[in-house]
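I have placed the structure first, in the form of structure tokens, so that the comments after it can refer back to it.
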Amino acid sequence: MSTQALDTPAAANRTVEIGLLLALATLWGGSYTFIKIGVETIPPLTLIAARTLIAGLILLAVIRWRGLRMPRDVIAWRRFLIQAMLNSVFPFTLIAWAEKSVDAGLASILNGTTPVFVFLISLALAPTRRPDWRKGLGVAAGLAGISLIVGVNAFAGLGEAVLPQTAIVVATIAYACAALFGRHFAGMDPLLPAAGSMLAGTALLIPAALVIDRPWELTPSAESLLALLALSIFSTALAFAIYFRLLRTLGSVGTTAVSYLRVPIGVAIGLIFLDERLSATAWAGLALVILGVMAMTVPERRPAKAG
């Protein structure tokens with residue numbers, strides 16, 4: 001009788017993983033609104049420095065509570081630093097700065113192209129590897145679905161603030177690189193790289209914020225402070241713990257399907273709480289997004305071993 005490892009992505013509980021993917025999409029989908037509220041009275045650099053600090057301390061406390069220990073070797077912390085730069089320092093700061101002039105919805109749409117860059121970078125890094133046609137189909141279907149859901153009007157502001165919008169695209173490419181680099185943490189408990197990358201990012205951001213923003217002179221509003229707390233606790237600490245688990249179970253392309261899910265989740269919130277209505281093309285787009293996510297999260301078939 002042939003055996004199969006139970007800890008591979010192919011053997012993972014797909015229902016649980018898809019549920020976590022939906023949770024991650026919701027947590028990250030709300031981050032754009034939190035950032036938009038936060039930067040109204042808190043400078044972007046200080047907002048992001050505080051975000052990584054609070055999230056890192058929360059994750060570190062959970063790690064201690066669970067009896068885990070952070071790695072102490074130089075190689076692990078060097079990887080944490082690289083991950084921090086790709087997954088928090090650069091993209092967080094760029095998006096926070098951009099949202100001073102770009103709507104949260106448009107930022108979410110531009111950032112929703114992460115799976116495209118993951119797929120393309122994966123092909124560039126391994127040109128001899130045969131591309132997975134299902135993941136390619138998922139990327140194309142997800143993009144088409146987003147276009148149908150948001151409609152042409154949602155892109156009305158595109159091009160009016162070219163530099164901030166370009167910054168969001170650069171942040172998106174950084175997220176894609178982070179998803180691929182996250183493979184280095186496959187053998188770790190998800191909390192360890194989540195905390196390590198947050199703490200490494202904090203070490204870079206705090207000194208810069210102190211010098212540039214002089215945060216002790218700021219007078220942030222209660223709304224901005226509450227947005228900062230929600231951003232740190234839910235959209236960062238909890239979200240990154242889920243994110244690193246999904247990198248291990250769904251892979252980099254599958255995990256970045258969360259970028260597509262943010263849009264239909266936003267639509268669902270509008271349907272439930274704002275009594276909004278969807279056009280026929282939006283329903284078709286929602287179906288394409290679901291198809292795209294399914295294509296990107298279904299594990300690749302591996303040839304059966306003899307014996």
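So you can find residues: chains in the structure tokens are A, B, ... in the order shown, residues in each start at 1, and ligands are numbered from 1 in order.
The shell of residues at most 10 Å from A:Ser235, with only C-alpha atoms counted and near chain neighbours (fewer than 3 positions) removed, consists of Leu24, Ala25, Thr26, Leu27, Trp28, Gly29, Gly30, Ser31, Tyr32, Phe34, Arg51, Ala55, Leu228, Leu229, Ala230, Leu231, Ser232, Leu238, Ala239 and Phe240 of chain A.
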The selected residues should be written to file as a compact mmCIF listing (two decimals), in the first residue's frame (atoms: C-alpha atoms).
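Heads up, here's the output in part.txt:
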# COMPACT_ATOMS: atom_id res chain seq x y z
CA LEU A 24 -7.50 36.81 5.69
CA ALA A 25 -9.24 38.56 2.81
CA THR A 26 -11.64 40.19 5.26
CA LEU A 27 -8.86 41.28 7.63
CA TRP A 28 -6.71 42.72 4.87
CA GLY A 29 -9.69 44.12 2.98
CA GLY A 30 -10.49 46.30 5.98
CA SER A 31 -6.90 47.54 6.28
CA TYR A 32 -7.30 50.09 3.47
CA PHE A 34 -8.20 51.74 8.62
CA ARG A 51 1.42 49.29 13.39
CA ALA A 55 1.53 43.79 16.03
CA LEU A 228 -4.41 52.23 14.26
CA LEU A 229 -5.36 49.70 16.95
CA ALA A 230 -7.71 47.81 14.62
CA LEU A 231 -5.08 47.88 11.88
CA SER A 232 -2.39 46.53 14.24
CA LEU A 238 -3.87 38.11 13.34
CA ALA A 239 -3.67 38.45 9.56
CA PHE A 240 0.04 37.65 9.33
**Message:** With only C-alpha atoms as the counted atoms, please give the residues lying no more than 7 Å from stretch 112-121 of chain A, apart from itself and same-chain residues fewer than 5 positions off, as number ranges by chain.
**Reply:** A: 139, 172-173, 175-177, 253, 256-257, 259-260
Convert the current residue selection to file output with N, CA and C atoms, as an mmCIF file, in the first residue's frame.
data_model
loop_
_atom_site.group_PDB
_atom_site.id
_atom_site.type_symbol
_atom_site.label_atom_id
_atom_site.label_comp_id
_atom_site.auth_asym_id
_atom_site.auth_seq_id
_atom_site.Cartn_x
_atom_site.Cartn_y
_atom_site.Cartn_z
ATOM 1 N N VAL A 139 -5.357 33.167 -12.394
ATOM 2 C CA VAL A 139 -4.902 34.559 -12.454
ATOM 3 C C VAL A 139 -5.754 35.355 -13.440
ATOM 4 N N THR A 172 2.574 46.395 -4.434
ATOM 5 C CA THR A 172 1.993 45.124 -4.853
ATOM 6 C C THR A 172 3.069 44.147 -5.319
ATOM 7 N N ILE A 173 4.040 44.652 -6.067
ATOM 8 C CA ILE A 173 5.153 43.808 -6.515
ATOM 9 C C ILE A 173 5.966 43.331 -5.311
ATOM 10 N N TYR A 175 4.773 42.800 -2.300
ATOM 11 C CA TYR A 175 3.975 41.735 -1.682
ATOM 12 C C TYR A 175 4.163 40.415 -2.426
ATOM 13 N N ALA A 176 4.221 40.482 -3.754
ATOM 14 C CA ALA A 176 4.415 39.267 -4.547
ATOM 15 C C ALA A 176 5.764 38.629 -4.241
ATOM 16 N N CYS A 177 6.811 39.449 -4.160
ATOM 17 C CA CYS A 177 8.141 38.933 -3.823
ATOM 18 C C CYS A 177 8.147 38.342 -2.415
ATOM 19 N N VAL A 253 1.164 31.213 -4.757
ATOM 20 C CA VAL A 253 0.130 31.661 -5.696
ATOM 21 C C VAL A 253 -1.251 31.483 -5.084
ATOM 22 N N THR A 256 -1.960 34.171 -2.395
ATOM 23 C CA THR A 256 -2.219 35.516 -2.902
ATOM 24 C C THR A 256 -3.562 35.613 -3.612
ATOM 25 N N ALA A 257 -4.291 34.494 -3.723
ATOM 26 C CA ALA A 257 -5.678 34.568 -4.201
ATOM 27 C C ALA A 257 -6.510 35.438 -3.275
ATOM 28 N N SER A 259 -5.989 38.340 -2.584
ATOM 29 C CA SER A 259 -6.110 39.669 -3.189
ATOM 30 C C SER A 259 -7.390 39.785 -4.002
ATOM 31 N N TYR A 260 -7.770 38.704 -4.670
ATOM 32 C CA TYR A 260 -9.009 38.718 -5.448
ATOM 33 C C TYR A 260 -10.236 38.692 -4.543
#
**Message:** Excluding A:Pro43 and its own-chain neighbours fewer than 2 positions away, which residues fall within 9 Å of it when counting only C-alpha atoms? Please give them as a VMD selection string.
**Reply:** chain A and resid 38 to 41 45 to 48 96 to 97 209 213 215 218
**Asked** Among stretch 54-213 of chain A, which ones does DSSP place in alpha helix (DSSP H), written as a ChimeraX atom specification?
**Response** /A:54-65,74-84,90-98,104-111,114-125,133-150,162-181,191-212
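Distances here use only C-alpha atoms; by that measure, the residue among A:Ile212, A:Ile37, A:Leu163, A:His184 closest to A:Ile75 is A:His184.
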Which residues, written as a CSV table (one decimal) with N, CA, C and O atoms, in the first residue's frame, have at least one atom at most 10 Å from A:Val170, with only C-alpha atoms counted and residues fewer than 5 positions away on the same chain left out?
chain,number,residue,atom,x,y,z
A,90,PHE,N,8.4,48.5,3.2
A,90,PHE,CA,8.2,49.2,1.9
A,90,PHE,C,6.7,49.3,1.5
A,90,PHE,O,6.2,50.3,1.3
A,91,PRO,N,6.0,48.1,1.4
A,91,PRO,CA,4.6,48.2,1.0
A,91,PRO,C,3.7,49.0,2.0
A,91,PRO,O,2.8,49.7,1.5
A,94,LEU,N,4.4,52.7,1.6
A,94,LEU,CA,4.0,53.2,0.3
A,94,LEU,C,2.5,53.4,0.2
A,94,LEU,O,2.0,54.4,-0.3
A,95,ILE,N,1.8,52.4,0.7
A,95,ILE,CA,0.3,52.4,0.6
A,95,ILE,C,-0.2,53.5,1.5
A,95,ILE,O,-1.2,54.2,1.1
A,111,ASN,N,-4.0,46.9,-5.6
A,111,ASN,CA,-3.3,45.9,-4.8
A,111,ASN,C,-3.8,44.5,-5.1
A,111,ASN,O,-3.1,43.5,-4.7
A,164,PRO,N,1.3,58.4,-6.6
A,164,PRO,CA,0.7,57.6,-5.6
A,164,PRO,C,0.2,56.2,-6.0
A,164,PRO,O,0.4,55.2,-5.4
A,165,GLN,N,-0.4,56.2,-7.2
A,165,GLN,CA,-0.9,55.0,-7.8
A,165,GLN,C,0.2,54.0,-8.2
A,165,GLN,O,0.2,52.8,-8.0
A,175,TYR,N,4.8,42.8,-2.3
A,175,TYR,CA,4.0,41.7,-1.7
A,175,TYR,C,4.2,40.4,-2.4
A,175,TYR,O,4.2,39.3,-1.8
A,176,ALA,N,4.2,40.5,-3.8
A,176,ALA,CA,4.4,39.3,-4.5
A,176,ALA,C,5.8,38.6,-4.2
A,176,ALA,O,5.9,37.4,-4.1
Quick one: residues within 9 Å of A:Leu60, only C-alpha atoms, excluding same-chain residues fewer than 5 positions away - as a CSV table (one decimal) with all heavy atoms, in the first residue's frame?
chain,number,residue,atom,x,y,z
A,55,ALA,N,1.8,45.1,16.5
A,55,ALA,CA,1.5,43.8,16.0
A,55,ALA,C,2.7,42.8,16.5
A,55,ALA,O,2.4,41.7,16.9
A,55,ALA,CB,1.4,43.8,14.5
A,65,TRP,N,3.3,32.8,25.4
A,65,TRP,CA,2.2,32.1,26.0
A,65,TRP,C,2.1,30.7,25.5
A,65,TRP,O,1.8,29.8,26.3
A,65,TRP,CB,0.9,32.9,25.7
A,65,TRP,CG,-0.4,32.2,26.2
A,65,TRP,CD1,-0.8,32.0,27.5
A,65,TRP,CD2,-1.4,31.5,25.4
A,65,TRP,NE1,-2.0,31.3,27.5
A,65,TRP,CE2,-2.3,31.0,26.3
A,65,TRP,CE3,-1.5,31.4,24.0
A,65,TRP,CZ2,-3.5,30.3,25.8
A,65,TRP,CZ3,-2.6,30.7,23.5
A,65,TRP,CH2,-3.6,30.2,24.4
A,70,MET,N,11.6,32.3,19.8
A,70,MET,CA,12.1,32.9,18.6
A,70,MET,C,13.5,32.3,18.2
A,70,MET,O,14.3,32.0,19.1
A,70,MET,CB,12.2,34.4,18.7
A,70,MET,CG,10.8,35.1,18.9
A,70,MET,SD,9.7,34.9,17.5
A,70,MET,CE,10.7,35.8,16.2
A,191,LEU,N,3.6,31.6,13.6
A,191,LEU,CA,3.8,32.8,14.4
A,191,LEU,C,5.2,33.3,14.5
A,191,LEU,O,5.4,34.5,14.7
A,191,LEU,CB,3.3,32.4,15.9
A,191,LEU,CG,1.8,32.2,16.1
A,191,LEU,CD1,1.6,31.8,17.6
A,191,LEU,CD2,1.1,33.5,15.9
A,192,LEU,N,6.2,32.5,14.2
A,192,LEU,CA,7.6,32.9,14.3
A,192,LEU,C,8.0,33.8,13.2
A,192,LEU,O,8.5,34.9,13.5
A,192,LEU,CB,8.5,31.7,14.4
A,192,LEU,CG,8.3,30.7,15.6
A,192,LEU,CD1,9.3,29.6,15.5
A,192,LEU,CD2,8.3,31.4,16.9
A,195,ALA,N,6.0,37.2,13.7
A,195,ALA,CA,6.5,38.1,14.7
A,195,ALA,C,7.9,38.6,14.3
A,195,ALA,O,8.2,39.8,14.5
A,195,ALA,CB,6.6,37.3,16.1
A,196,GLY,N,8.7,37.7,13.8
A,196,GLY,CA,10.1,38.1,13.4
A,196,GLY,C,10.1,39.2,12.4
A,196,GLY,O,10.9,40.2,12.5
A,199,LEU,N,8.9,42.5,14.0
A,199,LEU,CA,9.9,43.1,14.9
A,199,LEU,C,11.1,43.7,14.1
A,199,LEU,O,11.6,44.7,14.5
A,199,LEU,CB,10.4,42.1,15.9
A,199,LEU,CG,9.3,41.6,17.0
A,199,LEU,CD1,9.9,40.5,17.8
A,199,LEU,CD2,8.9,42.8,17.8
**Fill in**
Counting only C-alpha atoms, closest pick from A:Leu110, A:Val74, A:Leu246, A:Ala126 relative to A:Asp189 is A:Leu246
